[in-house]
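J.: Sending over a structure as C-alpha coordinates; questions will come in a sec.
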Amino acid sequence: MIATSFQNFQTVIGSFNMSIFSETFEEVKQHINQGFYKDPDWVNNSIKLIKNLKASLPKEYSVASLADELHQPAWYVEQILMWCYLDDDVLEIELESHGSILFYYLKDYITEEEQEEIFNQLAKAKAKDSTADHINSELLKRFEIDSTKVRKKLTKEEILEKKFKELDTTVWEFLYTDVSSWDADEKFGKLINKMKKAGKFNLNKSETLYFLDTIHTYINLGFLNEKSPKKKVLLYEEIKSFFG
(Lines give C-alpha, C1' and ligand atoms only; values in the text may rest on other atoms or scores of the structure.)
Protein backbone atom coordinates (compact mmCIF):
# COMPACT_ATOMS: atom_id res chain seq x y z
CA MET A 1 0.00 0.00 0.00
CA ILE A 2 1.02 3.63 -0.38
CA ALA A 3 1.30 4.26 3.34
CA THR A 4 2.20 1.57 5.87
CA SER A 5 1.46 3.57 9.01
CA PHE A 6 -0.47 6.69 9.86
CA GLN A 7 2.75 8.45 10.82
CA ASN A 8 4.06 7.92 7.28
CA PHE A 9 0.58 8.65 5.99
CA GLN A 10 0.60 12.08 7.64
CA THR A 11 4.02 12.81 6.17
CA VAL A 12 2.88 11.93 2.65
CA ILE A 13 -0.28 14.01 2.71
CA GLY A 14 1.17 17.02 4.51
CA SER A 15 -1.59 19.43 5.53
CA PHE A 16 -4.38 16.84 5.39
CA ASN A 17 -6.59 17.13 8.49
CA MET A 18 -7.79 13.69 9.64
CA SER A 19 -10.11 15.20 12.24
CA ILE A 20 -12.08 17.14 9.63
CA PHE A 21 -12.09 14.19 7.25
CA SER A 22 -13.33 11.90 10.03
CA GLU A 23 -16.26 14.23 10.72
CA THR A 24 -17.13 14.36 7.01
CA PHE A 25 -16.89 10.57 6.73
CA GLU A 26 -19.15 10.08 9.76
CA GLU A 27 -21.74 12.43 8.27
CA VAL A 28 -21.71 10.43 5.04
CA LYS A 29 -21.90 7.14 6.93
CA GLN A 30 -24.87 8.18 9.05
CA HIS A 31 -26.77 9.35 5.98
CA ILE A 32 -25.87 6.48 3.65
CA ASN A 33 -26.71 3.87 6.27
CA GLN A 34 -30.33 5.02 6.17
CA GLY A 35 -30.51 3.44 2.72
CA PHE A 36 -33.79 5.10 1.64
CA TYR A 37 -33.29 4.32 -2.05
CA LYS A 38 -36.91 5.18 -2.93
CA ASP A 39 -36.62 8.73 -1.56
CA PRO A 40 -35.37 11.21 -4.23
CA ASP A 41 -34.28 13.67 -1.53
CA TRP A 42 -32.18 11.00 0.15
CA VAL A 43 -30.59 10.09 -3.19
CA ASN A 44 -29.76 13.71 -4.04
CA ASN A 45 -28.34 14.41 -0.58
CA SER A 46 -26.29 11.22 -0.77
CA ILE A 47 -24.70 12.37 -4.03
CA LYS A 48 -23.85 15.76 -2.53
CA LEU A 49 -22.32 14.24 0.61
CA ILE A 50 -20.28 11.73 -1.37
CA LYS A 51 -18.93 14.51 -3.60
CA ASN A 52 -17.97 16.49 -0.48
CA LEU A 53 -16.18 13.45 0.91
CA LYS A 54 -14.27 12.92 -2.34
CA ALA A 55 -13.18 16.55 -2.31
CA SER A 56 -11.75 16.14 1.19
CA LEU A 57 -9.77 12.96 0.42
CA PRO A 58 -5.97 13.16 0.69
CA LYS A 59 -4.06 12.97 -2.58
CA GLU A 60 -2.37 9.74 -1.47
CA TYR A 61 -3.80 7.21 0.94
CA SER A 62 -4.27 3.54 1.68
CA VAL A 63 -7.60 2.01 2.62
CA ALA A 64 -5.98 0.27 5.58
CA SER A 65 -4.61 3.53 7.03
CA LEU A 66 -7.91 5.35 6.60
CA ALA A 67 -9.87 2.47 8.12
CA ASP A 68 -7.57 2.38 11.16
CA GLU A 69 -7.86 6.11 11.77
CA LEU A 70 -11.62 6.15 11.19
CA HIS A 71 -12.13 3.04 13.36
CA GLN A 72 -14.18 1.48 10.58
CA PRO A 73 -13.99 -1.92 8.85
CA ALA A 74 -11.68 -1.77 5.82
CA TRP A 75 -14.36 -3.26 3.54
CA TYR A 76 -16.79 -0.46 4.47
CA VAL A 77 -14.25 2.31 3.90
CA GLU A 78 -13.28 0.75 0.58
CA GLN A 79 -16.90 0.62 -0.62
CA ILE A 80 -17.55 4.25 0.36
CA LEU A 81 -14.41 5.31 -1.52
CA MET A 82 -15.53 3.29 -4.55
CA TRP A 83 -18.77 5.30 -4.56
CA CYS A 84 -16.68 8.47 -4.45
CA TYR A 85 -15.07 7.53 -7.78
CA LEU A 86 -18.13 6.27 -9.61
CA ASP A 87 -19.38 8.38 -12.52
CA ASP A 88 -22.34 10.52 -11.43
CA ASP A 89 -24.86 8.59 -13.49
CA VAL A 90 -23.57 5.22 -12.24
CA LEU A 91 -23.65 6.42 -8.62
CA GLU A 92 -27.21 7.64 -9.05
CA ILE A 93 -28.25 4.24 -10.42
CA GLU A 94 -26.68 2.45 -7.43
CA LEU A 95 -28.42 4.78 -4.98
CA GLU A 96 -31.82 4.53 -6.69
CA SER A 97 -31.73 0.77 -7.24
CA HIS A 98 -30.69 -0.36 -3.73
CA GLY A 99 -28.92 2.46 -1.82
CA SER A 100 -26.91 0.01 0.27
CA ILE A 101 -23.16 -0.06 0.83
CA LEU A 102 -23.44 -3.60 2.18
CA PHE A 103 -25.34 -4.84 -0.87
CA TYR A 104 -22.82 -3.10 -3.17
CA TYR A 105 -20.18 -5.21 -1.43
CA LEU A 106 -22.17 -8.47 -1.35
CA LYS A 107 -23.37 -8.37 -4.95
CA ASP A 108 -19.88 -9.29 -6.17
CA TYR A 109 -20.50 -12.72 -4.64
CA ILE A 110 -23.74 -13.52 -6.46
CA THR A 111 -24.52 -14.11 -10.12
CA GLU A 112 -25.80 -11.43 -12.50
CA GLU A 113 -29.10 -13.32 -12.70
CA GLU A 114 -29.46 -13.18 -8.91
CA GLN A 115 -28.62 -9.47 -8.94
CA GLU A 116 -31.30 -8.81 -11.55
CA GLU A 117 -33.86 -10.74 -9.51
CA ILE A 118 -33.03 -8.72 -6.40
CA PHE A 119 -33.18 -5.41 -8.30
CA ASN A 120 -36.63 -6.34 -9.62
CA GLN A 121 -37.75 -7.18 -6.10
CA LEU A 122 -36.44 -3.89 -4.70
CA ALA A 123 -38.06 -1.93 -7.54
CA LYS A 124 -41.51 -3.05 -6.39
CA ALA A 125 -41.23 -1.15 -3.10
CA LYS A 126 -43.34 2.01 -2.82
CA ALA A 127 -42.55 3.57 0.56
CA LYS A 128 -39.90 6.28 0.72
CA ASP A 129 -38.33 4.62 3.77
CA SER A 130 -37.85 1.29 1.98
CA THR A 131 -34.38 -0.24 2.38
CA ALA A 132 -32.43 -3.26 1.17
CA ASP A 133 -31.83 -4.51 4.73
CA HIS A 134 -33.97 -7.64 4.32
CA ILE A 135 -32.04 -8.58 1.15
CA ASN A 136 -28.71 -8.12 2.92
CA SER A 137 -29.86 -10.28 5.84
CA GLU A 138 -30.85 -13.08 3.48
CA LEU A 139 -27.53 -12.91 1.62
CA LEU A 140 -25.46 -12.86 4.82
CA LYS A 141 -27.36 -15.86 6.13
CA ARG A 142 -26.77 -17.73 2.87
CA PHE A 143 -23.05 -16.90 2.78
CA GLU A 144 -22.66 -18.02 6.39
CA ILE A 145 -24.25 -21.36 5.51
CA ASP A 146 -22.25 -21.71 2.30
CA SER A 147 -18.96 -20.92 4.00
CA THR A 148 -19.42 -23.85 6.41
CA LYS A 149 -19.94 -26.39 3.63
CA VAL A 150 -16.52 -26.31 1.99
CA ARG A 151 -13.30 -24.74 3.17
CA LYS A 152 -11.07 -24.96 0.13
CA LYS A 153 -7.62 -23.54 -0.47
CA LEU A 154 -7.67 -20.48 -2.72
CA THR A 155 -6.20 -20.93 -6.18
CA LYS A 156 -3.31 -18.76 -7.37
CA GLU A 157 -5.74 -16.81 -9.56
CA GLU A 158 -8.16 -16.24 -6.66
CA ILE A 159 -5.32 -14.94 -4.50
CA LEU A 160 -4.26 -12.54 -7.28
CA GLU A 161 -7.86 -11.40 -7.77
CA LYS A 162 -8.15 -10.65 -4.05
CA LYS A 163 -4.94 -8.60 -4.18
CA PHE A 164 -6.15 -6.56 -7.16
CA LYS A 165 -9.43 -5.87 -5.37
CA GLU A 166 -7.48 -4.41 -2.45
CA LEU A 167 -5.47 -1.99 -4.62
CA ASP A 168 -5.98 1.75 -4.41
CA THR A 169 -8.67 2.31 -7.07
CA THR A 170 -6.76 5.11 -8.81
CA VAL A 171 -4.63 2.38 -10.39
CA TRP A 172 -7.35 1.86 -13.02
CA GLU A 173 -7.08 5.52 -14.05
CA PHE A 174 -3.32 5.14 -14.53
CA LEU A 175 -3.65 1.90 -16.47
CA TYR A 176 -6.41 3.29 -18.68
CA THR A 177 -4.18 6.21 -19.66
CA ASP A 178 -1.17 3.97 -20.29
CA VAL A 179 -2.64 1.05 -22.24
CA SER A 180 -3.09 3.19 -25.35
CA SER A 181 0.70 3.51 -25.61
CA TRP A 182 1.23 -0.22 -25.04
CA ASP A 183 -0.44 -1.22 -28.30
CA ALA A 184 -2.77 -3.33 -26.14
CA ASP A 185 -5.49 -5.39 -27.79
CA GLU A 186 -9.03 -4.06 -27.72
CA LYS A 187 -10.28 -6.65 -25.21
CA PHE A 188 -7.71 -5.69 -22.57
CA GLY A 189 -8.44 -1.99 -23.08
CA LYS A 190 -12.16 -2.61 -22.60
CA LEU A 191 -11.55 -4.48 -19.35
CA ILE A 192 -9.40 -1.64 -17.98
CA ASN A 193 -12.07 0.87 -19.01
CA LYS A 194 -14.73 -1.27 -17.31
CA MET A 195 -12.81 -1.19 -14.02
CA LYS A 196 -12.02 2.52 -14.34
CA LYS A 197 -15.72 3.33 -14.71
CA ALA A 198 -16.75 1.03 -11.85
CA GLY A 199 -13.93 2.23 -9.62
CA LYS A 200 -13.09 -1.33 -8.63
CA PHE A 201 -11.93 -4.74 -9.84
CA ASN A 202 -15.23 -6.13 -11.13
CA LEU A 203 -14.35 -8.80 -13.70
CA ASN A 204 -16.02 -12.20 -14.02
CA LYS A 205 -14.01 -15.42 -13.89
CA SER A 206 -13.07 -15.64 -17.58
CA GLU A 207 -12.26 -11.92 -17.76
CA THR A 208 -10.11 -12.23 -14.64
CA LEU A 209 -8.06 -15.08 -16.10
CA TYR A 210 -7.49 -13.11 -19.31
CA PHE A 211 -6.62 -9.93 -17.38
CA LEU A 212 -4.13 -11.70 -15.11
CA ASP A 213 -2.39 -13.42 -18.03
CA THR A 214 -2.22 -10.22 -20.07
CA ILE A 215 -1.03 -7.90 -17.29
CA HIS A 216 1.67 -10.47 -16.42
CA THR A 217 2.85 -10.34 -20.02
CA TYR A 218 3.07 -6.54 -19.92
CA ILE A 219 5.00 -6.74 -16.65
CA ASN A 220 7.53 -9.09 -18.27
CA LEU A 221 7.83 -6.66 -21.20
CA GLY A 222 8.71 -3.86 -18.77
CA PHE A 223 5.63 -1.74 -19.46
CA LEU A 224 4.99 -1.15 -15.73
CA ASN A 225 8.52 0.15 -15.09
CA GLU A 226 7.50 3.76 -14.44
CA LYS A 227 9.59 6.54 -12.87
CA SER A 228 6.83 9.09 -12.18
CA PRO A 229 4.46 10.19 -10.79
CA LYS A 230 5.24 8.70 -7.40
CA LYS A 231 1.76 7.31 -6.82
CA LYS A 232 1.75 5.45 -10.14
CA VAL A 233 5.24 4.09 -9.48
CA LEU A 234 4.18 2.72 -6.08
CA LEU A 235 1.00 1.16 -7.44
CA TYR A 236 2.75 -0.45 -10.40
CA GLU A 237 5.51 -1.78 -8.12
CA GLU A 238 2.79 -3.31 -5.94
CA ILE A 239 1.22 -5.00 -8.98
CA LYS A 240 4.60 -6.40 -10.05
CA SER A 241 5.12 -7.80 -6.55
CA PHE A 242 1.91 -9.83 -6.93
CA PHE A 243 3.61 -12.00 -9.54
CA GLY A 244 6.88 -12.47 -7.67
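Going through the C-alpha coordinates in order, the chains are called A, B, and so on, while each chain numbers its residues from 1 and the ligands are numbered from 1 in the order shown.
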Excluding range 179-188 of chain A and any residue of its chain fewer than 5 positions from it, enumerate the residues within 8 Å of it, using only C-alpha atoms, and give them as a list of chain:residue names.
T.: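 Selected residues are A:Phe211, A:Thr214, A:Phe223.
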J.: Can you write just those residues out, N, CA and C atoms, as a CSV table (one decimal), in the first residue's frame?
T.:
```csv
chain,number,residue,atom,x,y,z
A,211,PHE,N,-7.3,-11.1,-17.9
A,211,PHE,CA,-6.6,-9.9,-17.4
A,211,PHE,C,-5.3,-10.3,-16.7
A,214,THR,N,-2.7,-11.3,-19.2
A,214,THR,CA,-2.2,-10.2,-20.1
A,214,THR,C,-1.4,-9.2,-19.3
A,223,PHE,N,6.5,-2.9,-19.3
A,223,PHE,CA,5.6,-1.7,-19.5
A,223,PHE,C,5.2,-1.1,-18.2
```
J.: From the DSSP assignment of the backbone, select every residue of range 46-95 of chain A that is alpha helix (DSSP H), and format the answer as a JSON list (two decimals) with N, CA and C atoms, in the first residue's frame.
T.:
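selection00.json was written with the following content:
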```
[["chain", "number", "residue", "atom", "x", "y", "z"],
["A", 46, "SER", "N", -27.39, 12.20, -0.79],
["A", 46, "SER", "CA", -26.29, 11.22, -0.77],
["A", 46, "SER", "C", -25.22, 11.60, -1.78],
["A", 47, "ILE", "N", -25.65, 11.98, -2.98],
["A", 47, "ILE", "CA", -24.70, 12.37, -4.03],
["A", 47, "ILE", "C", -23.88, 13.59, -3.59],
["A", 48, "LYS", "N", -24.54, 14.56, -3.00],
["A", 48, "LYS", "CA", -23.85, 15.76, -2.53],
["A", 48, "LYS", "C", -22.82, 15.42, -1.46],
["A", 49, "LEU", "N", -23.23, 14.60, -0.49],
["A", 49, "LEU", "CA", -22.32, 14.24, 0.61],
["A", 49, "LEU", "C", -21.13, 13.44, 0.11],
["A", 50, "ILE", "N", -21.36, 12.54, -0.82],
["A", 50, "ILE", "CA", -20.28, 11.73, -1.37],
["A", 50, "ILE", "C", -19.29, 12.60, -2.14],
["A", 51, "LYS", "N", -19.81, 13.58, -2.88],
["A", 51, "LYS", "CA", -18.93, 14.51, -3.60],
["A", 51, "LYS", "C", -18.10, 15.32, -2.62],
["A", 52, "ASN", "N", -18.71, 15.74, -1.51],
["A", 52, "ASN", "CA", -17.97, 16.49, -0.48],
["A", 52, "ASN", "C", -16.86, 15.64, 0.12],
["A", 53, "LEU", "N", -17.18, 14.36, 0.34],
["A", 53, "LEU", "CA", -16.18, 13.45, 0.91],
["A", 53, "LEU", "C", -15.02, 13.27, -0.06],
["A", 54, "LYS", "N", -15.33, 13.08, -1.34],
["A", 54, "LYS", "CA", -14.27, 12.92, -2.34],
["A", 54, "LYS", "C", -13.37, 14.14, -2.37],
["A", 55, "ALA", "N", -13.97, 15.31, -2.26],
["A", 55, "ALA", "CA", -13.18, 16.55, -2.31],
["A", 55, "ALA", "C", -12.24, 16.68, -1.12],
["A", 63, "VAL", "N", -6.34, 2.35, 1.96],
["A", 63, "VAL", "CA", -7.60, 2.01, 2.62],
["A", 63, "VAL", "C", -7.34, 1.57, 4.05],
["A", 64, "ALA", "N", -6.29, 0.78, 4.24],
["A", 64, "ALA", "CA", -5.98, 0.27, 5.58],
["A", 64, "ALA", "C", -5.71, 1.40, 6.57],
["A", 65, "SER", "N", -4.92, 2.41, 6.15],
["A", 65, "SER", "CA", -4.61, 3.53, 7.03],
["A", 65, "SER", "C", -5.85, 4.34, 7.37],
["A", 66, "LEU", "N", -6.67, 4.60, 6.35],
["A", 66, "LEU", "CA", -7.91, 5.35, 6.60],
["A", 66, "LEU", "C", -8.83, 4.59, 7.53],
["A", 67, "ALA", "N", -8.98, 3.29, 7.29],
["A", 67, "ALA", "CA", -9.87, 2.47, 8.12],
["A", 67, "ALA", "C", -9.41, 2.48, 9.58],
["A", 68, "ASP", "N", -8.10, 2.37, 9.79],
["A", 68, "ASP", "CA", -7.57, 2.38, 11.16],
["A", 68, "ASP", "C", -7.88, 3.70, 11.86],
["A", 69, "GLU", "N", -7.65, 4.79, 11.16],
["A", 69, "GLU", "CA", -7.86, 6.11, 11.77],
["A", 69, "GLU", "C", -9.35, 6.43, 11.97],
["A", 70, "LEU", "N", -10.18, 5.90, 11.09],
["A", 70, "LEU", "CA", -11.62, 6.15, 11.19],
["A", 70, "LEU", "C", -12.31, 5.15, 12.11],
["A", 74, "ALA", "N", -12.33, -2.13, 7.09],
["A", 74, "ALA", "CA", -11.68, -1.77, 5.82],
["A", 74, "ALA", "C", -12.62, -1.95, 4.64],
["A", 75, "TRP", "N", -13.46, -3.02, 4.68],
["A", 75, "TRP", "CA", -14.36, -3.26, 3.54],
["A", 75, "TRP", "C", -15.34, -2.11, 3.38],
["A", 76, "TYR", "N", -15.80, -1.55, 4.52],
["A", 76, "TYR", "CA", -16.79, -0.46, 4.47],
["A", 76, "TYR", "C", -16.15, 0.81, 3.90],
["A", 77, "VAL", "N", -14.96, 1.13, 4.39],
["A", 77, "VAL", "CA", -14.25, 2.31, 3.90],
["A", 77, "VAL", "C", -13.99, 2.18, 2.41],
["A", 78, "GLU", "N", -13.57, 0.98, 1.99],
["A", 78, "GLU", "CA", -13.28, 0.75, 0.58],
["A", 78, "GLU", "C", -14.52, 0.97, -0.29],
["A", 79, "GLN", "N", -15.67, 0.48, 0.17],
["A", 79, "GLN", "CA", -16.90, 0.62, -0.62],
["A", 79, "GLN", "C", -17.33, 2.08, -0.72],
["A", 80, "ILE", "N", -17.22, 2.81, 0.38],
["A", 80, "ILE", "CA", -17.55, 4.25, 0.36],
["A", 80, "ILE", "C", -16.65, 4.97, -0.63],
["A", 81, "LEU", "N", -15.36, 4.66, -0.61],
["A", 81, "LEU", "CA", -14.41, 5.31, -1.52],
["A", 81, "LEU", "C", -14.70, 4.92, -2.97],
["A", 82, "MET", "N", -15.15, 3.69, -3.20],
["A", 82, "MET", "CA", -15.53, 3.29, -4.55],
["A", 82, "MET", "C", -16.68, 4.16, -5.05],
["A", 83, "TRP", "N", -17.65, 4.43, -4.17],
["A", 83, "TRP", "CA", -18.77, 5.30, -4.56],
["A", 83, "TRP", "C", -18.27, 6.70, -4.89],
["A", 84, "CYS", "N", -17.23, 7.14, -4.18],
["A", 84, "CYS", "CA", -16.68, 8.47, -4.45],
["A", 84, "CYS", "C", -16.18, 8.59, -5.89],
["A", 88, "ASP", "N", -21.12, 10.03, -12.06],
["A", 88, "ASP", "CA", -22.34, 10.52, -11.43],
["A", 88, "ASP", "C", -23.57, 9.69, -11.80],
["A", 89, "ASP", "N", -23.68, 9.34, -13.07],
["A", 89, "ASP", "CA", -24.86, 8.59, -13.49],
["A", 89, "ASP", "C", -24.86, 7.18, -12.93],
["A", 90, "VAL", "N", -23.68, 6.57, -12.81],
["A", 90, "VAL", "CA", -23.57, 5.22, -12.24],
["A", 90, "VAL", "C", -23.89, 5.26, -10.75],
["A", 91, "LEU", "N", -23.37, 6.27, -10.05],
["A", 91, "LEU", "CA", -23.65, 6.42, -8.62],
["A", 91, "LEU", "C", -25.14, 6.60, -8.38],
["A", 92, "GLU", "N", -25.77, 7.41, -9.20],
["A", 92, "GLU", "CA", -27.21, 7.64, -9.05],
["A", 92, "GLU", "C", -28.00, 6.34, -9.23],
["A", 93, "ILE", "N", -27.59, 5.53, -10.19],
["A", 93, "ILE", "CA", -28.25, 4.24, -10.42],
["A", 93, "ILE", "C", -28.11, 3.34, -9.20],
["A", 94, "GLU", "N", -26.91, 3.28, -8.62],
["A", 94, "GLU", "CA", -26.68, 2.45, -7.43],
["A", 94, "GLU", "C", -27.56, 2.92, -6.27],
["A", 95, "LEU", "N", -27.64, 4.23, -6.08],
["A", 95, "LEU", "CA", -28.42, 4.78, -4.98],
["A", 95, "LEU", "C", -29.91, 4.54, -5.18]]
```
J.: Compare A:Asp133, A:Glu144, A:Glu26, A:Glu60 by their minimum atom-to-atom distance to Lys232 in chain A, counting only C-alpha atoms, and give me the closest one.
T.: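 Of the candidates, the smallest distance to Lys232 in chain A is held by A:Glu60.
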J.: Set the distance at 12 Å and use only C-alpha atoms: which residues neighbour Ala125 in chain A once local chain neighbours fewer than 2 positions away are removed? I'd like the list as a list in words.
T.: Phe36, Tyr37, Lys38, Asp39, Glu96, Ser97, His98, Ile118, Phe119, Asn120, Gln121, Leu122, Ala123, Ala127, Lys128, Asp129, Ser130, Thr131 and Ala132 of chain A
J.: Hey, which of A:Phe103, A:Phe242, A:Tyr210, A:Phe174 ends up closest to Glu226 in chain A? Count only C-alpha atoms.
T.: A:Phe174
J.: If we count only C-alpha atoms, what is near Thr169 in chain A at a cut-off of 9 Å, once residues fewer than 6 positions away on the same chain are taken out, given as a list of chain:residue names?
T.: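 In the requested form, the answer reads A:Leu81, A:Met82, A:Tyr85, A:Met195, A:Lys196, A:Gly199, A:Lys200, A:Phe201.
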J.: Would you mind telling me which residue in A:Ile20, A:Leu139, A:Leu221, A:Leu175 lies nearest to Tyr105 in chain A when using only C-alpha atoms?
T.: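 Closest to Tyr105 in chain A of all the choices is A:Leu139.
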J.: If I take CA of Leu235 in chain A and CA of Val171 in chain A, how far is one from the other in Å, to one decimal?
T.: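 We find that CA of Leu235 in chain A and CA of Val171 in chain A lie 6.5 Å from each other.
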J.: Nearest to Phe143 in chain A: which of A:His71, A:Lys240, A:Lys29, A:Lys107 is it, counting only C-alpha atoms?
T.: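 Among the listed residues, A:Lys107 lies closest to Phe143 in chain A.
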J.: Excluding Ile32 in chain A and any residue of its chain fewer than 6 positions from it, enumerate the residues within 9 Å of it, using only C-alpha atoms, and give them as a ChimeraX atom specification.
T.: /A:42,46,99-101
J.: Taking 5 positions as the minimum chain separation for residues in the same chain, which residues sit within 12 Å of Lys205 in chain A when counting only C-alpha atoms? Answer as a PyMOL selection string.
T.: chain A and resi 108-109+111+157-158+161+210-212
J.: Restricted to N, CA and C atoms, what would the selected residues look like written as a short mmCIF file (atom, residue, chain, number, x, y, z; two decimals), in the first residue's frame?
T.:
```
data_model
loop_
_atom_site.label_atom_id
_atom_site.label_comp_id
_atom_site.auth_asym_id
_atom_site.auth_seq_id
_atom_site.Cartn_x
_atom_site.Cartn_y
_atom_site.Cartn_z
N ASP A 108 -21.00 -8.69 -5.44
CA ASP A 108 -19.88 -9.29 -6.17
C ASP A 108 -19.82 -10.80 -5.98
N TYR A 109 -20.55 -11.30 -4.97
CA TYR A 109 -20.50 -12.72 -4.64
C TYR A 109 -21.74 -13.49 -5.12
N THR A 111 -24.52 -14.15 -8.66
CA THR A 111 -24.52 -14.11 -10.12
C THR A 111 -25.29 -12.89 -10.62
N GLU A 157 -4.97 -17.87 -8.90
CA GLU A 157 -5.74 -16.81 -9.56
C GLU A 157 -6.66 -16.10 -8.57
N GLU A 158 -7.27 -16.85 -7.66
CA GLU A 158 -8.16 -16.24 -6.66
C GLU A 158 -7.39 -15.35 -5.70
N GLU A 161 -6.64 -12.20 -7.65
CA GLU A 161 -7.86 -11.40 -7.77
C GLU A 161 -8.12 -10.63 -6.48
N TYR A 210 -8.11 -13.81 -18.17
CA TYR A 210 -7.49 -13.11 -19.31
C TYR A 210 -6.70 -11.90 -18.82
N PHE A 211 -7.29 -11.13 -17.91
CA PHE A 211 -6.62 -9.93 -17.38
C PHE A 211 -5.31 -10.29 -16.71
N LEU A 212 -5.33 -11.31 -15.85
CA LEU A 212 -4.13 -11.70 -15.11
C LEU A 212 -3.02 -12.15 -16.05
#
```
J.: For each of A:Leu106, A:Lys165, A:Tyr176, A:Ala198, take the minimum atom-to-atom distance to Ser137 in chain A, counting only C-alpha atoms, then give the residue where this is smallest.
T.: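 Using only C-alpha atoms, Ser137 in chain A sits closest to A:Leu106.
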